[in-house]
Each structure stands twice: as C-alpha cells, then as structure tokens.
>>> print(open('coords_4.txt').read())   # compact mmCIF, C-alpha atoms
# COMPACT_ATOMS: atom_id res chain seq x y z
CA LEU A 25 -3.42 -1.59 -21.05
CA VAL A 26 -3.93 2.14 -21.52
CA ARG A 27 -6.86 2.14 -19.08
CA GLN A 28 -4.88 0.16 -16.48
CA VAL A 29 -1.63 2.18 -16.52
CA PRO A 30 -2.41 5.82 -15.70
CA ILE A 31 0.78 7.28 -17.17
CA PHE A 32 -0.35 6.17 -20.63
CA ARG A 33 -3.50 8.28 -20.28
CA ILE A 34 -1.32 11.38 -19.96
CA CYS A 35 0.99 10.60 -22.91
CA SER A 36 0.12 11.56 -26.47
CA PRO A 37 -1.79 8.94 -28.49
CA GLN A 38 1.18 8.72 -30.87
CA CYS A 39 3.51 7.88 -27.99
CA VAL A 40 1.20 5.17 -26.65
CA TYR A 41 0.66 3.78 -30.16
CA ASN A 42 4.43 3.38 -30.54
CA VAL A 43 5.10 1.99 -27.05
CA ILE A 44 2.45 -0.76 -27.06
CA PRO A 45 4.09 -3.02 -29.70
CA LEU A 46 7.42 -2.84 -27.83
CA LEU A 47 6.01 -4.22 -24.57
CA LYS A 48 6.72 -7.87 -23.82
CA PRO A 49 4.26 -9.81 -21.62
CA MET A 50 5.60 -11.53 -18.52
CA SER A 51 3.83 -13.71 -15.94
CA VAL A 52 5.25 -14.29 -12.48
CA CYS A 53 4.13 -16.80 -9.85
CA PRO A 54 3.55 -15.83 -6.22
CA ASN A 55 6.76 -15.36 -4.20
CA GLU A 56 8.92 -15.37 -7.36
CA LEU A 57 11.54 -12.64 -7.75
CA ILE A 58 11.05 -10.29 -10.69
CA TYR A 59 14.49 -8.82 -10.16
CA ARG A 60 17.15 -9.08 -7.50
CA GLU A 61 19.21 -6.47 -5.72
CA GLU A 62 22.55 -5.80 -7.51
CA GLU A 63 21.34 -7.08 -10.92
CA ILE A 64 22.12 -4.92 -13.91
CA ALA A 65 18.97 -2.92 -14.60
CA ASN A 66 17.84 -2.95 -18.22
CA GLU A 67 14.07 -2.93 -18.07
CA LEU A 68 10.98 -1.12 -16.82
CA PHE A 69 7.89 -3.01 -15.65
CA PHE A 70 4.18 -2.14 -15.99
CA LEU A 71 1.97 -4.00 -13.54
CA LEU A 72 -1.32 -5.09 -15.09
CA LYS A 73 -2.58 -7.61 -12.54
CA GLY A 74 -1.50 -8.75 -9.12
CA GLU A 75 0.65 -7.28 -6.38
CA VAL A 76 4.41 -6.79 -6.13
CA ARG A 77 6.48 -6.10 -3.02
CA ILE A 78 9.69 -4.09 -3.21
CA GLU A 79 12.01 -5.37 -0.49
CA THR A 80 15.55 -5.14 0.77
CA GLY A 81 18.05 -7.85 -0.03
CA ASP A 82 17.24 -9.27 3.40
CA GLY A 83 13.53 -9.49 2.57
CA GLU A 84 12.31 -6.48 4.57
CA SER A 85 9.25 -5.00 2.84
CA LEU A 86 9.68 -1.41 1.65
CA THR A 87 6.49 -0.89 -0.35
CA GLN A 88 3.75 -2.77 -2.14
CA LEU A 89 2.58 -2.10 -5.70
CA SER A 90 -0.70 -2.92 -7.39
CA GLN A 91 -2.42 -2.78 -10.77
CA GLY A 92 -1.57 0.29 -12.83
CA SER A 93 1.84 0.83 -11.23
CA TYR A 94 5.13 0.87 -13.03
CA PHE A 95 8.48 0.17 -11.43
CA GLY A 96 12.13 -0.33 -12.22
CA GLU A 97 12.37 2.99 -14.11
CA PHE A 98 15.00 4.73 -11.97
CA PRO A 99 18.00 3.06 -13.70
CA LEU A 100 16.54 4.00 -17.09
CA ILE A 101 15.83 7.60 -16.12
CA TYR A 102 19.01 8.16 -14.08
CA LYS A 103 21.24 5.98 -16.24
CA GLU A 104 24.39 7.97 -15.44
CA THR A 105 24.17 7.30 -11.70
CA ILE A 106 22.15 4.09 -11.28
CA LYS A 107 23.34 0.93 -12.99
CA THR A 108 22.05 -1.91 -10.81
CA ARG A 109 18.98 -2.71 -8.76
CA THR A 110 19.19 -1.63 -5.14
CA ALA A 111 16.22 -3.70 -3.98
CA ASN A 112 14.35 -6.87 -4.84
CA ALA A 113 10.96 -6.92 -6.58
CA ARG A 114 8.88 -9.96 -5.59
CA ALA A 115 5.44 -11.11 -6.72
CA ILE A 116 3.02 -11.38 -3.81
CA THR A 117 0.25 -12.84 -5.96
CA LYS A 118 0.22 -14.15 -9.51
CA VAL A 119 1.40 -11.15 -11.52
CA GLU A 120 0.89 -10.10 -15.12
CA LEU A 121 3.42 -7.53 -16.32
CA TYR A 122 4.55 -5.84 -19.48
CA VAL A 123 8.28 -5.25 -19.80
CA LEU A 124 9.94 -2.43 -21.74
CA VAL A 125 13.67 -2.95 -22.30
CA ARG A 126 16.17 -0.11 -22.01
CA ALA A 127 16.94 0.17 -25.75
CA ASP A 128 13.23 0.48 -26.58
CA PHE A 129 12.67 2.96 -23.74
CA GLU A 130 15.53 5.14 -25.01
CA MET A 131 14.24 4.98 -28.59
CA ILE A 132 10.72 5.98 -27.49
CA CYS A 133 12.15 8.82 -25.39
CA SER A 134 14.13 10.12 -28.37
CA TYR A 135 10.90 10.46 -30.38
CA PHE A 136 8.59 11.34 -27.50
CA PRO A 137 10.65 13.12 -24.83
CA GLU A 138 7.48 13.95 -22.89
CA ILE A 139 7.29 10.40 -21.51
CA LYS A 140 10.78 10.62 -20.01
CA GLU A 141 10.11 14.15 -18.74
CA LEU A 142 6.90 12.99 -17.07
CA MET A 143 8.53 9.91 -15.51
CA THR A 144 11.47 12.03 -14.34
CA GLN A 145 9.16 14.58 -12.71
CA ILE A 146 7.30 11.80 -10.91
CA ALA A 147 10.53 10.10 -9.81
CA ASP A 148 12.08 13.39 -8.63
CA ALA A 149 8.95 14.26 -6.66
CA ARG A 150 8.89 10.81 -5.07
CA MET A 151 12.52 11.04 -4.05
CA ASN A 152 12.05 14.52 -2.59
CA VAL A 153 8.92 13.53 -0.68
CA ASN A 154 10.59 10.46 0.74
CA TRP A 155 13.78 12.29 1.74
CA ASP A 156 11.71 14.93 3.51
CA ASP A 157 9.95 12.07 5.34
CA VAL A 158 13.27 10.44 6.23
CA ASN A 159 14.64 13.75 7.52
CA ARG A 160 11.56 14.22 9.74
CA LYS A 161 11.73 10.69 11.13
CA GLY A 162 15.49 10.39 11.41
CA ALA A 163 17.28 7.20 10.45
CA GLY A 164 15.31 4.21 9.28
CA VAL A 165 13.99 2.66 6.11
CA GLY A 166 11.62 4.77 4.00
CA SER A 167 7.96 4.04 4.57
CA GLY A 168 7.22 3.37 0.93
CA LYS A 169 3.85 5.12 1.32
CA ASP A 170 4.84 7.66 -1.29
CA GLY A 171 6.01 5.00 -3.70
CA ASP A 172 9.66 5.11 -2.74
CA ASP A 173 10.90 1.62 -2.35
CA ASP A 174 14.56 1.36 -1.61
CA ASP A 175 15.80 4.12 0.69
CA ASP A 176 18.26 3.08 3.30
CA GLY A 177 17.04 5.91 5.50
CA SER A 178 20.42 7.59 5.75
CA ASN A 179 20.31 11.16 6.98
CA ASN A 180 23.93 12.01 6.14
CA ALA A 181 24.54 15.08 3.89
CA ASN A 182 26.75 13.10 1.49
CA ASP A 183 24.12 10.40 1.27
CA LYS A 184 21.46 12.99 0.41
CA LYS A 185 23.68 14.26 -2.39
CA ASP A 186 24.06 10.72 -3.70
CA LYS A 187 20.48 9.60 -3.14
CA LYS A 188 19.92 8.95 -6.83
CA ASP A 189 22.69 6.34 -6.69
CA ARG A 190 20.52 4.20 -4.40
CA LYS A 191 17.21 4.54 -6.21
CA THR A 192 15.94 1.67 -8.30
CA SER A 193 12.21 1.62 -8.74
CA SER A 194 8.99 3.25 -7.75
CA VAL A 195 5.28 2.92 -7.83
CA GLY A 196 4.75 5.09 -10.87
CA ARG A 197 1.07 5.65 -10.22
CA VAL A 198 -0.15 9.03 -11.41
CA VAL A 199 -2.89 10.47 -9.18
>>> encode(input="coords_4.txt", output="structure tokens")
Amino acid sequence: LVRQVPIFRICSPQCVYNVIPLLKPMSVCPNELIYREEEIANELFFLLKGEVRIETGDGESLTQLSQGSYFGEFPLIYKETIKTRTANARAITKVELYVLVRADFEMICSYFPEIKELMTQIADARMNVNWDDVNRKGAGVGSGKDGDDDDDGSNNANDKKDKKDRKTSSVGRVV
C-alpha cells in the first residue's frame, strides 16, 4: 500500500503505521458507482488497482484516476464548506480501494497534522491551477488534467469565491 499511494511515502512512518489499520478494503465492479453526486461525504478513497472516472451527475467525464490516486478528500479537508459529493465516482475497470472514514481521518489528523496539511496544500494547488485554466478558457467544464474533477466551469466572481463549496474529490497523486 505504501509503495502504491505516493502520499504515504511523504508522511512520517508513525503516521502511516497508524493509518494502515484504519483502512477498510473495498472492491468495485466495472461501471459501478463508488459514490453519487449529492450523497453525504464521509469517506476518503485510496485507489490501489483499476481506474475510476469522476463524472457529472449526467455522466459527463471530468477526469480519470488510476493506481496510487486518492479521491473524495475535499469534504474531509473543507468540512465547513463541503458536505455532499458534487460529482459521481464510477469504476471503469474492476477496482480495489481502501476507504478511510471521516472519524478516523479526523483522529489521524489530530495526532499527525502533517497529513492534513499536505492534503490541503495539494487540494488548494489543484483548485488554483484548475481555476486559472477555467479563467483562460472561459466557461466550460474543467479539463480534469490537473486532477480537478468537478468544476462547473463558472467564471463568475461570486462562484470563484465559493469554489470550495463545489469541490468534492481529486486525484491526489503526488509528483
């Protein structure tokens, strides 16, 4: 697991040692939804095998994730502003995941704040990169190439201010 999920290589060994027993395995068949838009968001997913597509509620593909990615962390990181999923996550192939529930994530972050700080930095950077891309292109759905997966492409100043309200998940690959 540590070799397959790059963020764990950056965390302290003590943090990883304490996270591993809290992870719950999950298998998903091709085309099965992992989560649905508007669901209450209480977990973070680590992708060990397979491919996952993040898509709009209408099924439009926003980005594709592969081994080593994590997703679904935005509602855990930005818990004051994001409560529900704003996109679907769907297995493209047979998928093997590990799931970390919100209560366990919060407990780990209380002992090892560096993991939340790292994930927040990555999420903030991804949101900023994608919003810069949206502003250059004008209206339209985010490309997802930077790991952003659920922008509605709005270019309105109020929407920029509230962009965290629409974020749900991201690639989470550290490069």
>>> closest_residue(input="coords_4.txt", among="A:Ser85, A:Ser90, A:Asn55, A:Asn42", to="Phe69 (chain A)", atoms="all atoms listed in the file")
A:Ser90
>>> atom_distance(input="coords_4.txt", atom1="CA of Glu61 (chain A)", atom2="CA of Arg114 (chain A)")
10.9 Å
>>> atom_distance(input="coords_4.txt", atom1="CA of Gln91 (chain A)", atom2="CA of Ile116 (chain A)")
12.3 Å
>>> closest_residue(input="coords_4.txt", among="A:Met131, A:Leu142, A:Ala113, A:Leu121", to="Arg33 (chain A)", atoms="all atoms listed in the file")
A:Leu142
>>> closest_residue(input="coords_4.txt", among="A:Leu100, A:Ile31, A:Ile58, A:Cys53", to="Asp128 (chain A)", atoms="all atoms listed in the file")
A:Leu100
>>> closest_residue(input="coords_4.txt", among="A:Thr105, A:Thr117, A:Thr144, A:Ser93", to="Pro54 (chain A)", atoms="all atoms listed in the file")
A:Thr117
>>> atom_distance(input="coords_4.txt", atom1="CA of Ile34 (chain A)", atom2="CA of Met143 (chain A)")
10.9 Å
>>> closest_residue(input="coords_4.txt", among="A:Arg60, A:Lys48, A:Arg150, A:Lys73", to="Arg109 (chain A)", atoms="all atoms listed in the file")
A:Arg60
>>> closest_residue(input="coords_4.txt", among="A:Glu130, A:Glu120, A:Glu138, A:Glu97", to="Gln28 (chain A)", atoms="only C-alpha atoms")
A:Glu120
>>> residues_near_point(input="coords_4.txt", point="(18.4, -3.8, -4.7)", cutoff="8 Å", atoms="all atoms listed in the file", output="VMD selection string")
chain A and resid 60 to 63 79 to 81 108 to 112 174 192
